[in-house]
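Take a look at the structure set out below.
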Amino acid sequence: MADDKTMAVPGGGDDHELTAREQFELLTDEQKAELLGGETLGEISEADLLSRLSHLDSGDVLDEEDVKAGLHNELQAQLRVIDQLSDQREEASLNIAKVLDSAAVNLDFLMREQVKDPTRTIIGPDASAESRASIREKISLPTKTALKMCWKSVLIRLGRVAITASGIFLGIAFFSSVRMTAISLQAAGEVAGQEDAARNVWLIVMALMVSVVGICNSMLMAVTERFQEIGTMKCLGALDSFIVKLFLIESAILGGLAGVFGSLIGMGLMLIVNKMKYTFALSAVLPGMAETALISFLLGVILSVMAAILPARQAARMPAAAALRTTV
Amino acid sequence: MADSQATTAAKGDHIRSDEYVVRTKDLKKHYKMGDETIEALKGVTLDIFRGEYISLMGPSGSGKSTLFNMIGGLDKPTEGTVFIDEVDMAQLDAYELAWLRCRKIGYIFQTFNLIPVMTALENITLPMVFAGMDYDSMMARGRELLETVGLGHRLHNKPGELSGGQQQRVAIARALANSPSIILADEPTGNLDLKTGKEIIELLRRLNKESGVTVISATHDLKMVDVSDRIIWIRDGLIDRIQSRSEMEEDMGEGHGH
């Protein structure tokens with residue numbers, strides 16, 4: 001249909017009306033010179049030529065009707081293009097504003113899942129023990145779904161998550177760098193002082209404790225920010241344990257990522273430093289590095305889950321109404 | 001059957017059975033604010049029949065929202081009992097309460113309360129996840145629900161990318177995901193323009209008249225009041241008065257109504 005309209009434009013012009021250039025050819029040399037006014041024909045656009053033709057006052061060579069018809073045709077073509085564009089735009093805006101035609105809504109479909117049995121036979125003291133037990137199985141949040149939800153949530157809030165995880169990240173990076181130095185020294189055949197080792201352990205413990213306090217604080221904030229979300233989920237049928245599960249999985253993902261990245265950075269930096277100081281083969285430190293990465297990952301997961309337990313439980317225990325009311 | 005119900009409804013008759021869907025008995029709720037105790041509800045006894053369309057009205061601070069939360073099982077009363085389908089809510093364990101919220105009650109909020117990081121489709125399928133529906137039928141129903149509310153082309157948009165009316169339609173589709181028999185709507189048209197508000201009231205009215213869903217709505221919207229069977233006025237934590245529609249129409253006189 002769109003093709004028909006665009007095809008019609010040149011077709012209409014060719015049939016009986018002369019184009020401006022054809023009309024120009026019909027003029028006398030004198031008129032041509034007057035019309036061009038020093039320019040060449042090539043420099044003048046079709047529309048300009050048409051207007052000059054209509055202003056040419058000498059003689060009746062120009063068929064005024066023809067010019068008018070030409071202009072009219074052009075105008076029509078332009079209008080058609082405008083129509084077409086606005087049609088498209090209107091269609092788009094109709095789509096956006098497409099209203100809910102409540103009369104057309106299929107209620108049978110909406111109500112298809114409705115529970116038909118009387119409620120008192122399903123839950124409560126009058127219901128059978130089997131029914132009450134089966135409710136326990138029906139209300140569920142499969143771990144796979146929870147993992148997917150948490151992974152998406154982490155990806156979407158990446159900036160926020162990065163800040164929350166930075167405490168663990170730095171703690172683990174420090175832990176890994178200390179371990180890396182020890183591994184390097186061992187590979188190079190050097191002996192670390194007993195005193196150094198004791199101090200390092202102390203530093204590592206302190207660093208990790210600071211990390212836990214930091215992430216605990218961040219988790220409290222994150223949970224508070226999401227009170228309304230928690231309340232809504234409870235209205236939709238989430239158990240307290242689902243909320244706890246979601247928060248713990250999310251912080252496990254976060255801690256795991258922070259652990260691995262922190263470990264890689266910490267070990268990488270120390271590897272470069274020690275490689276310059278001592279001589280050892282890379283293959284000699286690789287097993288130690290792999291072990292450190294694994295420990296870091298586990299440490300990250302465990303520490304951030306530990307930090308999240310309290311805030312998550314506190315949030316989950318809140319009555320749904322209170323959670324919904326809270327605005328931060 | 002649905003048609004005959006619709007026609008009688010148009011004449012203004014009540015369609016309700018004699019079964020109670022919600023009953024409250026001497027419901028009291030006290031909040032502690034420092035040393036002071038605030039009595040939000042001072043003893044509310046209320047019977048709501050299956051298939052009724054109820055509007056809860058009252059100024060803010062009247063205890064309207066508190067009553068609403070008690071009926072929906074979102075908060076525990078200090079004293080008194082709430083029965084849903086003749087089951088005492090206080091005697092339910094966490095699983096049963098969750099099941100009730102999940103399968104029996106659909107909540108619609110003034111502020112829509114969609115989960116901001118989830119797409120429209122994910123928001124709608126969430127109650128179905130909790131109800132233990134399998135993935136494929138969940139997705140199929142989610143899509144169909146969104147198409148039903150005219151958002152078939154917005155499946156993967158996040159709430160932030162939708163207009164207020166569209167968000168509320170997603171929220172309604174979510175409330176209907178598990179086909180509830182009670183819809184609790186807290187000012188559902190409060191944040192919407194006139195036209196969207198009307199559409200939503202019309203859908204609630206159809207659900208009520210044709211499918212027998214009990215609608216309980218806290219509202220200020222007179223359009224909402226127009227379609228209600230009864231209006232319950234709450235004041236100072238007590239029921240001030242209960243008006244049936246015919247009484248209300250007399251009250252409003254010829255100046256209002258169409």
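Labels used: A, B, ... for chains in the order of the structure tokens, numbers from 1 for residues in each chain, and numbers from 1 for ligands as shown.
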Could you build a table of the residues in chain A lying no more than 8 Å from chain B, giving for each the nearest pair of atoms and their separation in Å rounded to one decimal place, using only C-alpha atoms, ordered by chain and ascending residue number, as a Markdown table?
| residue | atom | partner | partner_atom | distance |
| --- | --- | --- | --- | --- |
| A:Lys98 | CA | B:Gly150 | CA | 6.5 |
| A:Val99 | CA | B:Gly150 | CA | 6.5 |
| A:Leu100 | CA | B:Val149 | CA | 5.4 |
| A:Asp101 | CA | B:Glu199 | CA | 7.2 |
| A:Ser102 | CA | B:Leu203 | CA | 5.2 |
| A:Ala103 | CA | B:Leu203 | CA | 7.6 |
| A:Val105 | CA | B:Thr148 | CA | 6.0 |
| A:Asn106 | CA | B:Thr148 | CA | 7.4 |
| A:Leu107 | CA | B:Leu207 | CA | 6.9 |
| A:Asp108 | CA | B:Ser211 | CA | 8.0 |
| A:Leu110 | CA | B:Ser179 | CA | 6.1 |
| A:Met111 | CA | B:Ser179 | CA | 4.6 |
| A:Arg112 | CA | B:Ser179 | CA | 6.5 |
| A:Glu113 | CA | B:Ser179 | CA | 5.1 |
| A:Gln114 | CA | B:Ser179 | CA | 4.6 |
| A:Val115 | CA | B:Arg103 | CA | 7.2 |
| A:Pro118 | CA | B:Asp85 | CA | 7.5 |
| A:Thr119 | CA | B:Asp85 | CA | 6.0 |
| A:Arg120 | CA | B:Val87 | CA | 5.7 |
| A:Ile123 | CA | B:Glu96 | CA | 6.1 |
| A:Gly124 | CA | B:Leu92 | CA | 5.5 |
| A:Pro125 | CA | B:Gln91 | CA | 7.0 |
| A:Arg132 | CA | B:Glu96 | CA | 7.6 |
| A:Ile135 | CA | B:Glu96 | CA | 6.7 |
| A:Arg136 | CA | B:Tyr95 | CA | 5.9 |
| A:Lys138 | CA | B:Gly132 | CA | 5.5 |
| A:Ile139 | CA | B:Ala131 | CA | 5.3 |
| A:Ser140 | CA | B:Phe130 | CA | 5.2 |
| A:Leu141 | CA | B:Phe130 | CA | 5.7 |
| A:Ser153 | CA | B:Val117 | CA | 6.4 |
| A:Ile156 | CA | B:Val117 | CA | 6.7 |
| A:Gln228 | CA | B:Asn113 | CA | 7.4 |
| A:Glu229 | CA | B:Ile115 | CA | 6.0 |
| A:Thr232 | CA | B:Asn113 | CA | 6.5 |
| A:Lys234 | CA | B:Ala98 | CA | 7.4 |
| A:Cys235 | CA | B:Arg101 | CA | 5.8 |
| A:Leu236 | CA | B:Cys102 | CA | 5.1 |
| A:Gly237 | CA | B:Cys102 | CA | 4.2 |
| A:Ala238 | CA | B:Ala98 | CA | 6.1 |
| A:Leu239 | CA | B:Ala98 | CA | 6.1 |
| A:Pro319 | CA | B:Asp75 | CA | 5.7 |
| A:Ala320 | CA | B:Leu74 | CA | 5.0 |
| A:Ala321 | CA | B:Leu74 | CA | 5.0 |
| A:Ala322 | CA | B:Asp75 | CA | 7.7 |
**Message:** So that I can see what lies close to segment 302-310 of chain A, please list as a VMD selection string the residues with an atom at most 9 Å from it, counting only C-alpha atoms and leaving out residues fewer than 2 positions away in the same chain.
**Reply:** chain A and resid 165 168 208 to 209 211 to 217 219 to 220 244 247 to 252 254 to 256 297 to 300 312 to 315
Do a neighbour search on segment 227-235 of chain B at 6 Å with only C-alpha atoms, toss out local chain neighbours closer than 4 positions, and write the hits as a PDB file with N, CA, C and O atoms, in the first residue's frame.
ATOM      1  N   TYR B  53     -19.406  -6.325  46.975  1.00  0.00           N
ATOM      2  CA  TYR B  53     -18.455  -5.284  46.595  1.00  0.00           C
ATOM      3  C   TYR B  53     -18.524  -4.234  47.695  1.00  0.00           C
ATOM      4  O   TYR B  53     -19.531  -3.572  47.858  1.00  0.00           O
ATOM      5  N   ILE B  54     -17.455  -4.161  48.485  1.00  0.00           N
ATOM      6  CA  ILE B  54     -17.460  -3.325  49.680  1.00  0.00           C
ATOM      7  C   ILE B  54     -16.463  -2.177  49.524  1.00  0.00           C
ATOM      8  O   ILE B  54     -15.341  -2.389  49.081  1.00  0.00           O
ATOM      9  N   SER B  55     -16.891  -0.994  49.870  1.00  0.00           N
ATOM     10  CA  SER B  55     -15.941   0.119  49.948  1.00  0.00           C
ATOM     11  C   SER B  55     -15.753   0.507  51.400  1.00  0.00           C
ATOM     12  O   SER B  55     -16.722   0.717  52.119  1.00  0.00           O
ATOM     13  N   LEU B  56     -14.512   0.585  51.824  1.00  0.00           N
ATOM     14  CA  LEU B  56     -14.192   1.096  53.157  1.00  0.00           C
ATOM     15  C   LEU B  56     -13.841   2.562  52.997  1.00  0.00           C
ATOM     16  O   LEU B  56     -12.954   2.908  52.231  1.00  0.00           O
ATOM     17  N   MET B  57     -14.582   3.406  53.698  1.00  0.00           N
ATOM     18  CA  MET B  57     -14.298   4.832  53.571  1.00  0.00           C
ATOM     19  C   MET B  57     -14.024   5.427  54.933  1.00  0.00           C
ATOM     20  O   MET B  57     -14.514   4.935  55.943  1.00  0.00           O
ATOM     21  N   GLY B  58     -13.278   6.500  54.901  1.00  0.00           N
ATOM     22  CA  GLY B  58     -12.971   7.169  56.164  1.00  0.00           C
ATOM     23  C   GLY B  58     -11.734   8.015  55.979  1.00  0.00           C
ATOM     24  O   GLY B  58     -10.920   7.748  55.099  1.00  0.00           O
ATOM     25  N   SER B  62      -8.214   7.050  60.431  1.00  0.00           N
ATOM     26  CA  SER B  62      -9.462   6.554  61.006  1.00  0.00           C
ATOM     27  C   SER B  62      -9.373   5.088  61.410  1.00  0.00           C
ATOM     28  O   SER B  62     -10.238   4.572  62.097  1.00  0.00           O
ATOM     29  N   ILE B 239     -16.714   1.415  63.462  1.00  0.00           N
ATOM     30  CA  ILE B 239     -17.592   1.565  62.301  1.00  0.00           C
ATOM     31  C   ILE B 239     -18.589   2.675  62.615  1.00  0.00           C
ATOM     32  O   ILE B 239     -19.317   2.619  63.601  1.00  0.00           O
ATOM     33  N   ASP B 240     -18.565   3.694  61.787  1.00  0.00           N
ATOM     34  CA  ASP B 240     -19.439   4.834  61.990  1.00  0.00           C
ATOM     35  C   ASP B 240     -20.850   4.485  61.515  1.00  0.00           C
ATOM     36  O   ASP B 240     -21.819   4.604  62.234  1.00  0.00           O
ATOM     37  N   ARG B 241     -20.939   4.046  60.249  1.00  0.00           N
ATOM     38  CA  ARG B 241     -22.218   3.560  59.736  1.00  0.00           C
ATOM     39  C   ARG B 241     -21.958   2.698  58.515  1.00  0.00           C
ATOM     40  O   ARG B 241     -20.890   2.782  57.891  1.00  0.00           O
ATOM     41  N   ILE B 242     -22.946   1.889  58.194  1.00  0.00           N
ATOM     42  CA  ILE B 242     -22.861   1.050  56.992  1.00  0.00           C
ATOM     43  C   ILE B 242     -24.033   1.421  56.104  1.00  0.00           C
ATOM     44  O   ILE B 242     -25.179   1.403  56.536  1.00  0.00           O
ATOM     45  N   GLN B 243     -23.713   1.792  54.871  1.00  0.00           N
ATOM     46  CA  GLN B 243     -24.756   2.176  53.933  1.00  0.00           C
ATOM     47  C   GLN B 243     -24.862   1.151  52.832  1.00  0.00           C
ATOM     48  O   GLN B 243     -23.848   0.709  52.299  1.00  0.00           O
ATOM     49  N   SER B 244     -26.084   0.784  52.477  1.00  0.00           N
ATOM     50  CA  SER B 244     -26.241  -0.035  51.274  1.00  0.00           C
ATOM     51  C   SER B 244     -26.334   0.929  50.098  1.00  0.00           C
ATOM     52  O   SER B 244     -26.479   2.134  50.286  1.00  0.00           O
ATOM     53  N   ARG B 245     -26.267   0.376  48.909  1.00  0.00           N
ATOM     54  CA  ARG B 245     -26.243   1.269  47.768  1.00  0.00           C
ATOM     55  C   ARG B 245     -27.530   2.084  47.643  1.00  0.00           C
ATOM     56  O   ARG B 245     -27.506   3.261  47.302  1.00  0.00           O
TER      57      ARG B 245
END
**Asked** Taking the backbone alone, and naming residues the way the document does, which bits of segment 38-190 of chain B are helix (DSSP H, G or I) by DSSP, as a PyMOL selection string?
**Response** chain B and resi 64-71+89-91+94-104+120-130+135-148+159-161+164-175
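Note that atom CA of Glu22 of chain A and atom CA of Ala77 of chain A are 20.3 Å apart.
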